>>> print(open('start.txt').read())   # compact mmCIF, C-alpha atoms
# COMPACT_ATOMS: atom_id res chain seq x y z
CA MET A 723 98.71 103.65 54.83
CA LYS A 724 99.62 101.24 57.63
CA LYS A 725 100.91 104.14 59.74
CA LEU A 726 97.66 106.02 59.19
CA ILE A 727 95.58 103.02 60.24
CA LEU A 728 97.71 102.48 63.36
CA SER A 729 97.48 106.17 64.20
CA SER A 730 93.70 106.09 63.85
CA LEU A 731 93.48 103.01 66.05
CA PHE A 732 95.65 104.68 68.69
CA CYS A 733 93.48 107.79 68.68
CA ALA A 734 90.34 105.67 69.00
CA MET A 735 91.87 103.73 71.88
CA THR A 736 92.93 106.95 73.61
CA PHE A 737 89.40 108.33 73.34
CA HIS A 738 88.05 105.03 74.60
CA LEU A 739 90.30 105.04 77.66
CA PHE A 740 89.89 108.71 78.53
CA ALA A 741 86.19 109.08 77.83
CA GLN A 742 84.65 111.43 80.39
CA ARG A 743 82.36 109.77 82.89
CA THR A 744 79.70 111.06 85.28
CA THR A 745 78.02 108.78 87.81
CA THR A 746 75.40 109.16 90.53
CA ASN A 747 77.76 108.40 93.41
CA ASP A 748 80.82 110.29 92.16
CA GLY A 749 79.58 113.02 89.85
CA ASP A 750 82.00 114.24 87.20
CA TRP A 751 85.11 112.06 87.41
CA THR A 752 87.30 114.81 85.99
CA GLN A 753 86.73 117.12 88.97
CA GLN A 754 89.64 117.44 91.40
CA PHE A 755 87.33 118.17 94.33
CA LEU A 756 83.70 117.17 94.65
CA VAL A 757 81.02 117.03 97.35
CA LEU A 758 77.80 115.03 96.96
CA LYS A 759 74.99 114.61 99.49
CA ASN A 760 72.52 111.78 100.05
CA THR A 761 73.86 109.42 97.44
CA GLU A 762 73.17 105.70 97.31
CA GLU A 763 76.45 105.01 99.11
CA ALA A 764 76.59 107.71 101.84
CA ASP A 765 74.88 110.67 103.47
CA LEU A 766 77.86 112.73 102.38
CA MET A 767 80.74 112.04 99.99
CA ILE A 768 83.81 114.25 99.71
CA ARG A 769 86.35 113.36 97.02
CA VAL A 770 89.85 114.73 96.52
CA GLY A 771 91.52 113.89 93.20
CA ASP A 772 90.06 112.98 89.83
CA ILE A 773 89.11 109.40 89.00
CA ASP A 774 91.40 108.69 86.06
CA ASN A 775 93.82 105.89 87.02
CA LEU A 776 96.75 108.30 87.39
CA GLY A 777 95.97 109.80 83.99
CA PHE A 778 95.99 106.46 82.15
CA GLY A 779 92.20 106.33 82.15
CA PHE A 780 89.76 103.44 82.49
CA GLU A 781 88.11 101.33 79.84
CA ASP A 782 84.45 102.23 79.37
CA ASP A 783 83.24 99.03 81.02
CA PHE A 784 85.73 99.15 83.93
CA ASP A 785 84.36 100.19 87.32
CA PRO A 786 87.18 101.11 89.77
CA PHE A 787 84.76 100.63 92.67
CA SER A 788 84.01 97.02 91.73
CA GLY A 789 87.16 95.75 93.46
CA ARG A 790 88.88 94.71 90.24
CA SER A 791 92.50 95.64 89.60
CA THR A 792 93.51 97.85 86.70
CA TRP A 793 95.76 96.47 84.00
CA SER A 794 99.51 97.08 84.31
CA HIS A 795 100.57 100.53 83.13
CA GLY A 796 103.78 102.37 82.37
CA PHE A 797 105.87 104.77 84.43
CA PRO A 798 106.83 107.44 85.15
CA TRP A 799 104.18 109.95 84.12
CA ASP A 800 104.05 113.72 84.12
CA ILE A 801 102.90 115.59 87.20
CA LYS A 802 100.08 117.92 86.21
CA LYS A 803 99.72 121.16 88.12
CA GLU A 804 95.93 120.83 88.14
CA ASP A 805 95.99 117.47 89.99
CA ALA A 806 95.09 117.64 93.68
CA ARG A 807 98.06 117.70 96.02
CA GLY A 808 99.26 114.20 96.86
CA THR A 809 97.38 112.53 93.99
CA ASP A 810 98.43 111.33 90.53
CA ARG A 811 102.14 111.50 91.27
CA ILE A 812 104.91 109.03 92.09
CA MET A 813 106.05 109.25 95.70
CA VAL A 814 109.12 107.58 97.18
CA PRO A 815 109.45 106.99 100.96
CA SER A 816 111.40 109.66 102.82
CA SER A 817 113.70 107.06 104.38
CA TYR A 818 115.08 106.00 100.99
CA LYS A 819 118.47 107.49 100.13
CA TYR A 820 119.61 107.44 96.52
CA GLY A 821 122.97 105.72 96.16
CA GLY A 822 122.38 103.56 99.24
CA MET A 823 122.44 99.78 99.56
CA PHE A 824 118.70 99.23 99.82
CA GLY A 825 116.31 97.94 97.16
CA SER A 826 114.21 100.06 94.83
CA ASP A 827 111.47 99.62 92.25
CA GLY A 828 110.87 101.20 88.86
CA TYR A 829 109.00 104.15 90.33
CA THR A 830 112.00 104.99 92.50
CA SER A 831 114.72 104.50 89.92
CA SER A 832 112.92 106.50 87.25
CA THR A 833 112.21 109.57 89.41
CA SER A 834 114.26 111.89 91.62
CA ARG A 835 114.05 114.24 94.58
CA PRO A 836 112.34 116.53 95.35
CA ALA A 837 109.64 115.78 92.76
CA ASN A 838 108.92 112.36 94.28
CA ASN A 839 108.86 113.42 97.94
CA PRO A 840 105.77 112.14 99.82
CA LEU A 841 102.92 114.67 99.94
CA SER A 842 99.87 114.59 102.18
CA ILE A 843 96.28 114.76 100.92
CA THR A 844 93.90 117.21 102.58
CA ILE A 845 90.12 116.73 102.74
CA PRO A 846 88.19 119.89 103.73
CA LEU A 847 85.48 119.20 106.29
CA SER A 848 83.20 122.25 106.20
CA GLU A 849 80.31 120.19 104.77
CA VAL A 850 80.62 117.57 107.54
CA LYS A 851 79.48 120.10 110.14
CA ASN A 852 75.97 119.97 108.64
CA VAL A 853 75.61 116.19 109.00
CA LYS A 854 74.99 113.98 112.03
CA VAL A 855 77.98 111.64 111.88
CA ASP A 856 77.45 108.07 113.10
CA SER A 857 80.24 106.40 111.13
CA ALA A 858 82.77 107.20 108.45
CA ALA A 859 85.11 105.46 106.04
CA LEU A 860 87.95 106.35 103.71
CA GLN A 861 88.30 104.93 100.23
CA LEU A 862 91.68 105.18 98.52
CA PHE A 863 92.58 104.05 95.02
CA ILE A 864 96.20 103.03 95.59
CA ASP A 865 98.92 102.05 93.14
CA ASP A 866 102.16 99.99 93.31
CA PHE A 867 102.52 99.46 97.07
CA GLN A 868 104.79 96.41 97.51
CA ALA A 869 105.47 96.02 101.24
CA PRO A 870 105.69 92.18 101.17
CA ALA A 871 108.29 92.30 98.37
CA PHE A 872 110.43 95.11 99.80
CA ALA A 873 109.82 94.71 103.55
CA SER A 874 108.83 98.36 103.55
CA LYS A 875 107.06 99.72 106.62
CA PHE A 876 104.46 102.25 105.61
CA GLN A 877 102.87 104.51 108.19
CA VAL A 878 99.51 106.19 107.68
CA LYS A 879 98.75 109.28 109.73
CA ILE A 880 95.58 111.32 109.92
CA ASN A 881 96.06 114.75 111.44
CA GLY A 882 99.26 113.42 112.97
CA LEU A 883 97.72 110.29 114.56
CA ARG A 884 98.85 106.85 113.40
CA PHE A 885 96.07 104.94 111.62
CA THR A 886 97.31 101.44 112.42
CA GLU A 887 94.29 99.71 110.85
CA ALA A 888 95.19 101.25 107.48
CA GLU A 889 98.84 100.37 107.97
CA ARG A 890 98.00 96.71 108.48
CA ILE A 891 96.20 96.60 105.15
CA ILE A 892 98.98 98.35 103.25
CA SER A 893 101.62 96.11 104.86
CA LEU A 894 100.09 93.11 103.04
CA VAL A 895 99.48 94.80 99.67
CA ASN A 896 101.70 93.64 96.79
CA GLN A 897 100.71 95.60 93.66
CA THR A 898 103.31 94.43 91.19
CA GLY A 899 102.59 95.53 87.67
CA PRO A 900 102.13 98.32 88.63
CA ILE A 901 98.36 98.14 89.10
CA GLY A 902 95.68 100.19 90.87
CA LYS A 903 93.18 98.91 93.40
CA LEU A 904 90.56 100.22 95.83
CA ILE A 905 90.81 99.90 99.61
CA THR A 906 88.07 100.89 102.07
CA ILE A 907 88.85 101.51 105.74
CA ARG A 908 86.48 102.55 108.51
CA LEU A 909 87.63 105.38 110.74
CA THR A 910 88.17 104.39 114.36
CA PRO A 911 86.31 106.29 117.12
CA GLU A 912 89.54 108.16 117.88
CA LEU A 913 89.89 109.34 114.29
CA MET A 914 86.18 110.15 114.09
CA GLU A 915 86.93 112.93 116.56
CA LYS A 916 89.09 114.54 113.86
CA LEU A 917 85.97 115.06 111.74
CA LYS A 918 85.05 117.92 114.10
CA GLY A 919 87.98 119.95 112.77
CA ASP A 920 88.46 121.91 109.56
CA SER A 921 90.19 119.19 107.55
CA LEU A 922 91.53 115.65 107.47
CA VAL A 923 95.19 115.51 106.51
CA ILE A 924 96.19 112.04 105.28
CA ALA A 925 99.92 111.35 105.18
CA ILE A 926 101.41 108.08 103.88
CA ASP A 927 105.15 107.46 104.15
CA ASP A 928 107.74 104.90 105.15
CA PRO A 929 110.15 106.82 107.39
CA VAL A 930 112.12 103.84 108.69
CA SER A 931 112.85 100.94 106.30
CA LYS A 932 115.03 102.83 103.75
CA GLN A 933 113.45 100.80 100.95
CA GLY A 934 112.64 102.45 97.62
CA ASP A 935 109.07 101.20 97.41
CA GLY A 936 107.53 103.94 95.24
CA TYR A 937 103.76 104.35 95.28
CA ALA A 938 100.89 106.57 94.17
CA VAL A 939 97.30 107.48 95.05
CA ASP A 940 94.73 108.23 92.35
CA PHE A 941 91.99 109.66 94.59
CA VAL A 942 90.62 109.62 98.14
CA LYS A 943 86.98 109.62 99.18
CA LEU A 944 85.53 110.35 102.62
CA LEU A 945 82.16 108.66 103.15
CA ILE A 946 80.01 109.90 106.03
CA ASN A 947 77.50 107.29 107.25
CA PRO A 948 78.50 104.92 104.43
CA ARG A 949 76.17 102.40 102.83
CA PHE A 950 78.52 100.15 100.91
CA ILE A 951 76.91 99.20 97.62
CA HIS A 952 79.81 97.29 96.09
CA LYS A 953 80.14 94.18 98.23
CA GLY A 954 81.22 90.59 97.88
CA LYS A 955 81.92 87.42 99.87
CA ILE A 956 85.11 85.93 101.24
CA GLU A 957 85.34 82.19 101.57
CA GLY A 958 88.16 80.07 102.86
CA ARG A 959 89.45 77.53 105.29
CA ILE A 960 91.38 77.64 108.56
CA ILE A 961 93.81 74.80 109.22
CA ASP A 962 96.54 73.75 111.62
CA ALA A 963 99.80 74.71 109.91
CA GLN A 964 101.64 71.61 111.15
CA THR A 965 99.05 68.83 110.94
CA ARG A 966 97.16 70.37 107.97
CA GLU A 967 93.95 69.39 109.75
CA PRO A 968 90.95 71.76 109.71
CA ILE A 969 90.24 73.82 112.82
CA ALA A 970 86.56 73.89 113.76
CA ASN A 971 85.01 76.81 115.67
CA ALA A 972 87.85 79.13 114.67
CA THR A 973 87.05 82.77 113.81
CA ALA A 974 87.62 84.44 110.47
CA SER A 975 87.21 88.23 110.52
CA VAL A 976 87.64 91.27 108.29
CA GLY A 977 88.17 94.30 110.48
CA GLU A 978 84.89 95.88 111.51
CA TYR A 979 83.03 94.53 108.50
CA GLY A 980 82.18 91.01 109.58
CA GLN A 981 83.24 87.63 110.89
CA ALA A 982 82.32 83.96 110.69
CA THR A 983 82.91 80.76 112.61
CA THR A 984 84.41 77.76 110.83
CA ASP A 985 82.51 74.49 110.46
CA GLN A 986 83.88 71.02 111.16
CA GLU A 987 85.85 71.14 107.89
CA GLY A 988 87.39 74.50 108.79
CA HIS A 989 85.38 76.33 106.12
CA PHE A 990 83.97 79.83 106.50
CA VAL A 991 82.12 82.43 104.43
CA ILE A 992 81.99 86.13 105.35
CA GLU A 993 79.36 88.14 103.50
CA ASP A 994 78.87 91.84 102.69
CA ILE A 995 82.54 92.81 102.60
CA PRO A 996 83.36 96.07 100.73
CA ALA A 997 84.84 95.49 97.29
CA GLY A 998 88.59 95.94 96.91
CA LEU A 999 91.62 94.81 98.85
CA ASN A 1000 90.78 93.38 102.26
CA ILE A 1001 92.65 91.57 105.02
CA VAL A 1002 91.07 88.43 106.47
CA LYS A 1003 92.33 87.23 109.84
CA GLY A 1004 92.02 83.73 111.27
CA SER A 1005 92.21 83.03 115.00
CA ALA A 1006 91.48 80.19 117.39
CA ALA A 1007 92.10 79.45 121.06
CA GLY A 1008 95.64 78.22 121.64
CA TYR A 1009 96.86 79.40 118.22
CA SER A 1010 98.67 82.41 116.85
CA SER A 1011 96.60 84.23 114.27
CA ASP A 1012 97.24 84.36 110.53
CA GLN A 1013 96.10 86.99 108.05
CA LYS A 1014 96.14 87.32 104.29
CA GLN A 1015 95.19 89.78 101.61
CA VAL A 1016 92.01 88.97 99.69
CA ASP A 1017 90.59 90.55 96.55
CA VAL A 1018 86.87 91.10 96.96
CA ILE A 1019 84.92 91.67 93.74
CA SER A 1020 81.47 93.23 93.79
CA GLY A 1021 78.73 90.60 93.60
CA ALA A 1022 81.20 87.71 93.60
CA THR A 1023 82.82 85.25 95.99
CA SER A 1024 86.57 85.50 96.46
CA GLU A 1025 89.10 82.89 95.46
CA PRO A 1026 89.36 80.49 98.44
CA VAL A 1027 91.88 81.67 101.02
CA GLU A 1028 93.68 79.29 103.37
CA LEU A 1029 94.70 80.58 106.78
CA GLU A 1030 97.33 78.50 108.55
CA LEU A 1031 97.47 78.76 112.33
CA ARG A 1032 100.41 77.64 114.44
CA ARG A 1033 100.26 76.76 118.09
CA SER A 1034 100.73 79.94 120.06
CA GLY A 1035 103.90 80.63 121.91
CA LYS A 1036 103.81 81.91 125.48
CA VAL A 1037 105.05 85.02 127.25
CA THR A 1038 105.17 86.01 130.89
CA TYR A 1039 103.93 89.31 132.22
CA ASN A 1040 103.54 90.09 135.93
CA ASN A 1041 104.19 86.42 136.71
CA LYS A 1042 101.30 85.39 134.46
CA THR A 1043 101.72 83.17 131.43
CA LEU A 1044 99.88 84.52 128.39
CA GLN A 1045 99.16 83.29 124.88
CA GLU A 1046 97.85 85.22 121.91
CA GLY A 1047 94.28 86.25 122.63
CA ASP A 1048 94.71 86.27 126.41
CA ALA A 1049 93.80 89.42 128.35
CA LEU A 1050 94.35 90.76 131.82
CA VAL A 1051 93.26 93.75 133.87
CA MET A 1052 96.00 96.31 134.48
CA ASN A 1053 94.92 97.03 138.04
CA ASN A 1054 97.60 99.61 138.75
CA ILE A 1055 96.77 101.90 135.82
CA GLN A 1056 94.75 104.67 137.44
CA PHE A 1057 93.89 108.25 136.49
CA GLU A 1058 92.86 111.47 138.13
CA VAL A 1059 89.07 111.81 138.61
CA ASN A 1060 87.25 112.58 135.32
CA SER A 1061 90.62 112.97 133.64
CA ALA A 1062 93.00 111.09 131.34
CA LYS A 1063 96.01 112.18 133.39
CA LEU A 1064 97.92 109.15 134.66
CA LEU A 1065 98.64 108.79 138.35
CA PRO A 1066 102.21 107.81 139.35
CA ALA A 1067 101.21 104.18 139.91
CA GLY A 1068 99.85 104.06 136.38
CA ARG A 1069 103.10 105.35 134.91
CA THR A 1070 105.01 102.73 136.90
CA GLU A 1071 102.79 99.96 135.51
CA LEU A 1072 103.26 101.25 131.98
CA ASP A 1073 107.03 101.30 132.50
CA LYS A 1074 106.79 97.57 133.20
CA LEU A 1075 104.64 97.08 130.09
CA ALA A 1076 107.14 99.02 127.95
CA ALA A 1077 109.99 96.84 129.23
CA PHE A 1078 107.94 93.72 128.46
CA MET A 1079 107.28 94.89 124.89
CA LYS A 1080 110.94 95.70 124.33
CA GLN A 1081 111.91 92.21 125.49
CA ASN A 1082 109.23 90.67 123.25
CA GLY A 1083 109.63 92.64 120.03
CA SER A 1084 106.95 90.81 118.03
CA VAL A 1085 104.18 91.30 120.60
CA GLU A 1086 101.24 93.52 119.66
CA ILE A 1087 98.58 94.54 122.15
CA LEU A 1088 95.09 95.98 122.47
CA LEU A 1089 94.49 98.42 125.32
CA SER A 1090 90.79 98.85 126.11
CA GLY A 1091 89.46 101.46 128.50
CA HIS A 1092 86.41 100.83 130.68
CA THR A 1093 84.35 102.96 133.05
CA SER A 1094 81.56 102.54 135.56
CA SER A 1095 78.04 103.58 134.63
CA GLU A 1096 77.71 106.99 136.32
CA GLY A 1097 77.12 109.78 133.82
CA GLY A 1098 76.31 109.55 130.14
CA ALA A 1099 77.48 106.54 128.18
CA ALA A 1100 78.81 108.66 125.29
CA LEU A 1101 80.90 110.83 127.62
CA ASN A 1102 82.20 107.73 129.37
CA ARG A 1103 83.26 106.18 126.05
CA GLU A 1104 85.07 109.40 125.15
CA LEU A 1105 86.82 109.48 128.53
CA SER A 1106 87.82 105.82 128.33
CA LEU A 1107 89.26 106.40 124.84
CA LYS A 1108 91.24 109.42 126.02
CA ARG A 1109 92.62 107.36 128.89
CA VAL A 1110 93.94 104.54 126.73
CA ARG A 1111 95.29 107.13 124.27
CA SER A 1112 97.19 108.57 127.24
CA CYS A 1113 98.58 105.07 127.89
CA LYS A 1114 99.55 104.64 124.24
CA ASP A 1115 101.28 108.02 124.17
CA TYR A 1116 103.22 107.15 127.30
CA LEU A 1117 104.37 103.82 125.84
CA ALA A 1118 105.41 105.61 122.64
CA SER A 1119 107.46 108.06 124.72
CA LYS A 1120 109.32 105.03 126.05
CA GLY A 1121 110.28 103.89 122.56
CA ILE A 1122 107.43 101.48 121.72
CA ASP A 1123 106.24 101.68 118.10
CA GLU A 1124 102.66 102.97 118.04
CA GLY A 1125 101.87 100.47 115.30
CA ARG A 1126 102.09 97.70 117.91
CA ILE A 1127 99.34 99.21 120.06
CA THR A 1128 95.62 99.34 119.25
CA ILE A 1129 93.25 101.19 121.54
CA LYS A 1130 89.50 101.08 122.15
CA GLY A 1131 87.30 103.11 124.47
CA MET A 1132 84.51 100.86 125.71
CA GLY A 1133 83.02 103.17 128.33
CA PRO A 1134 80.47 101.33 130.53
CA ASP A 1135 79.61 98.68 127.91
CA ASN A 1136 81.55 95.71 129.35
CA PRO A 1137 81.30 95.74 133.15
CA ILE A 1138 82.98 92.98 135.15
CA ALA A 1139 80.86 93.68 138.25
CA PRO A 1140 77.41 95.17 138.97
CA ASN A 1141 77.47 98.97 139.22
CA ASP A 1142 75.64 98.82 142.55
CA THR A 1143 78.37 99.68 145.08
CA GLU A 1144 81.41 101.92 145.01
CA ALA A 1145 83.67 98.89 145.37
CA ASN A 1146 82.10 97.26 142.30
CA ARG A 1147 82.15 100.50 140.32
CA ALA A 1148 85.87 100.78 141.07
CA LYS A 1149 86.38 97.34 139.51
CA ASN A 1150 84.68 98.51 136.32
CA ARG A 1151 87.01 101.53 136.03
CA ARG A 1152 89.90 99.72 134.45
CA VAL A 1153 92.33 99.29 131.58
CA GLU A 1154 92.64 95.83 130.03
CA MET A 1155 95.57 94.58 127.98
CA GLN A 1156 95.10 91.83 125.41
CA ILE A 1157 97.85 90.08 123.46
CA THR A 1158 96.77 90.40 119.81
CA LYS A 1159 99.95 89.05 118.21
CA LEU A 1160 102.92 87.01 119.40
>>> encode(input="start.txt", output="structure tokens")
Amino acid sequence: MKKLILSSLFCAMTFHLFAQRTTTNDGDWTQQFLVLKNTEEADLMIRVGDIDNLGFGFEDDFDPFSGRSTWSHGFPWDIKKEDARGTDRIMVPSSYKYGGMFGSDGYTSSTSRPANNPLSITIPLSEVKNVKVDSAALQLFIDDFQAPAFASKFQVKINGLRFTEAERIISLVNQTGPIGKLITIRLTPELMEKLKGDSLVIAIDDPVSKQGDGYAVDFVKLLINPRFIHKGKIEGRIIDAQTREPIANATASVGEYGQATTDQEGHFVIEDIPAGLNIVKGSAAGYSSDQKQVDVISGATSEPVELELRRSGKVTYNNKTLQEGDALVMNNIQFEVNSAKLLPAGRTELDKLAAFMKQNGSVEILLSGHTSSEGGAALNRELSLKRVRSCKDYLASKGIDEGRITIKGMGPDNPIAPNDTEANRAKNRRVEMQITKL
């Protein structure tokens, strides 16, 4: 009798967890591929993978888009042939070698090659061609990434291009349990260009650390012209790491989503941040930045986060002393007219920059491209982006990790001189380098 009761309870629980769900913004959650138009959250939504917490299911009252973590679940689980490629399966970084001396987690030790090899996820883009695209974001429901615990170094590539903004989020994610959680990442202007093609191919792997940090992805959503409906607040404090005193007028920021300035007590609140895992960064003049992972829950304020800033070190480049946050114009980086092809003087300057970055292995930089105002602003932004991409590619060819270089194409938006004479226009055609991390 007891066994019968327990069996009945188990069946009821299974039905409860796996109950089919259909919602306005995601349609039928059991579908492996779905396209919806003009929903509350986006002009266009394309989803790859079913929404089922890797097959473990969700409780009826659990909303995976609310920013809350799932409960801990077991492992491994069976790979189902109907699941979309790259979803609902344990993957182990390609750099990990079984029998080696490096660490591994339960996902790694309980699976084997080739079944756990990393697989990319492909999002078809035929429907995007019918929409005017102003912005875009990716949502991923990720599981058991543990970079802080294993010192793993995940890389995220979209159509072969490194997505460093996504990498920075994953590098701070510690999903012991294992547990699932949503992350939302805006596509950069460079990656937005990839939306003009036939598909987005998302590849996540750690090809360098040799750590067995197994991971999984439940589903991926592409949102075109997103209107985030699940949002919350981040509150916290920025202090001096040595004196423990608050830092007033410091900046707290969350990617492209928002920022705030601290008050006299070092407090800040950033509103309207997408629910899920986010990275908040604190910075102030004369200090090195600090960043931490924050759980944002829809309609709620986060647990207070404390960002501790240390006095910035100094580096020397071209006989100039620089701290984190400092920028300078790379006067010798020049290109052919209306082209992203570097002139010899530009390659020579980038050789010097590559040597500087090799000597200062912790330095990360932002390269921003700028143009004068002749021609259309949109075309100028595209050209300026291509030019700094050319610089980034050149630095990578000299052995600099792409993850240390962020690029932005500003076009004519930030002139340093009036565009009234050829001499002044020449000043506006420039590449700037900013130290973003020491």
>>> residues_near_point(input="start.txt", point="(102.4, 103.4, 109.1)", cutoff="12 Å", atoms="all atoms listed in the file", output="ChimeraX atom specification")
/A:815,869,874-880,882-893,924-931,1123-1126
>>> closest_residue(input="start.txt", among="A:Ser788, A:Ser1090, A:Asn1141, A:Asn775", to="Pro900 of chain A", atoms="only C-alpha atoms")
A:Asn775
>>> atom_distance(input="start.txt", atom1="atom CA of Gly1133 of chain A", atom2="atom CA of Ser1005 of chain A")
25.8 Å
>>> residues_around(input="start.txt", residues="Lys1036 of chain A", least_positions_apart="4", cutoff="12 Å", atoms="all atoms listed in the file", output="ChimeraX atom specification")
/A:1008-1010,1042-1048,1082,1085,1157,1159-1160
>>> atom_distance(input="start.txt", atom1="atom CA of Thr830 of chain A", atom2="atom CA of Arg790 of chain A")
25.4 Å
>>> closest_residue(input="start.txt", among="A:Pro948, A:Gly1083, A:Pro786, A:Gly796", to="Met767 of chain A", atoms="only C-alpha atoms")
A:Pro948
>>> residues_near_point(input="start.txt", point="(73.5, 107.2, 102.5)", cutoff="7 Å", atoms="only C-alpha atoms", output="ChimeraX atom specification")
/A:760-765,947-949
>>> residues_around(input="start.txt", residues="Ser1119 of chain A", least_positions_apart="6", cutoff="12 Å", atoms="only C-alpha atoms", output="PDB file with C-alpha atoms, in the frame of the given file")
ATOM      1  CA  ARG A1069     103.100 105.350 134.910  1.00  0.00           C
ATOM      2  CA  LEU A1072     103.260 101.250 131.980  1.00  0.00           C
ATOM      3  CA  ASP A1073     107.030 101.300 132.500  1.00  0.00           C
ATOM      4  CA  ALA A1076     107.140  99.020 127.950  1.00  0.00           C
ATOM      5  CA  SER A1112      97.190 108.570 127.240  1.00  0.00           C
ATOM      6  CA  CYS A1113      98.580 105.070 127.890  1.00  0.00           C
TER       7      CYS A1113
END
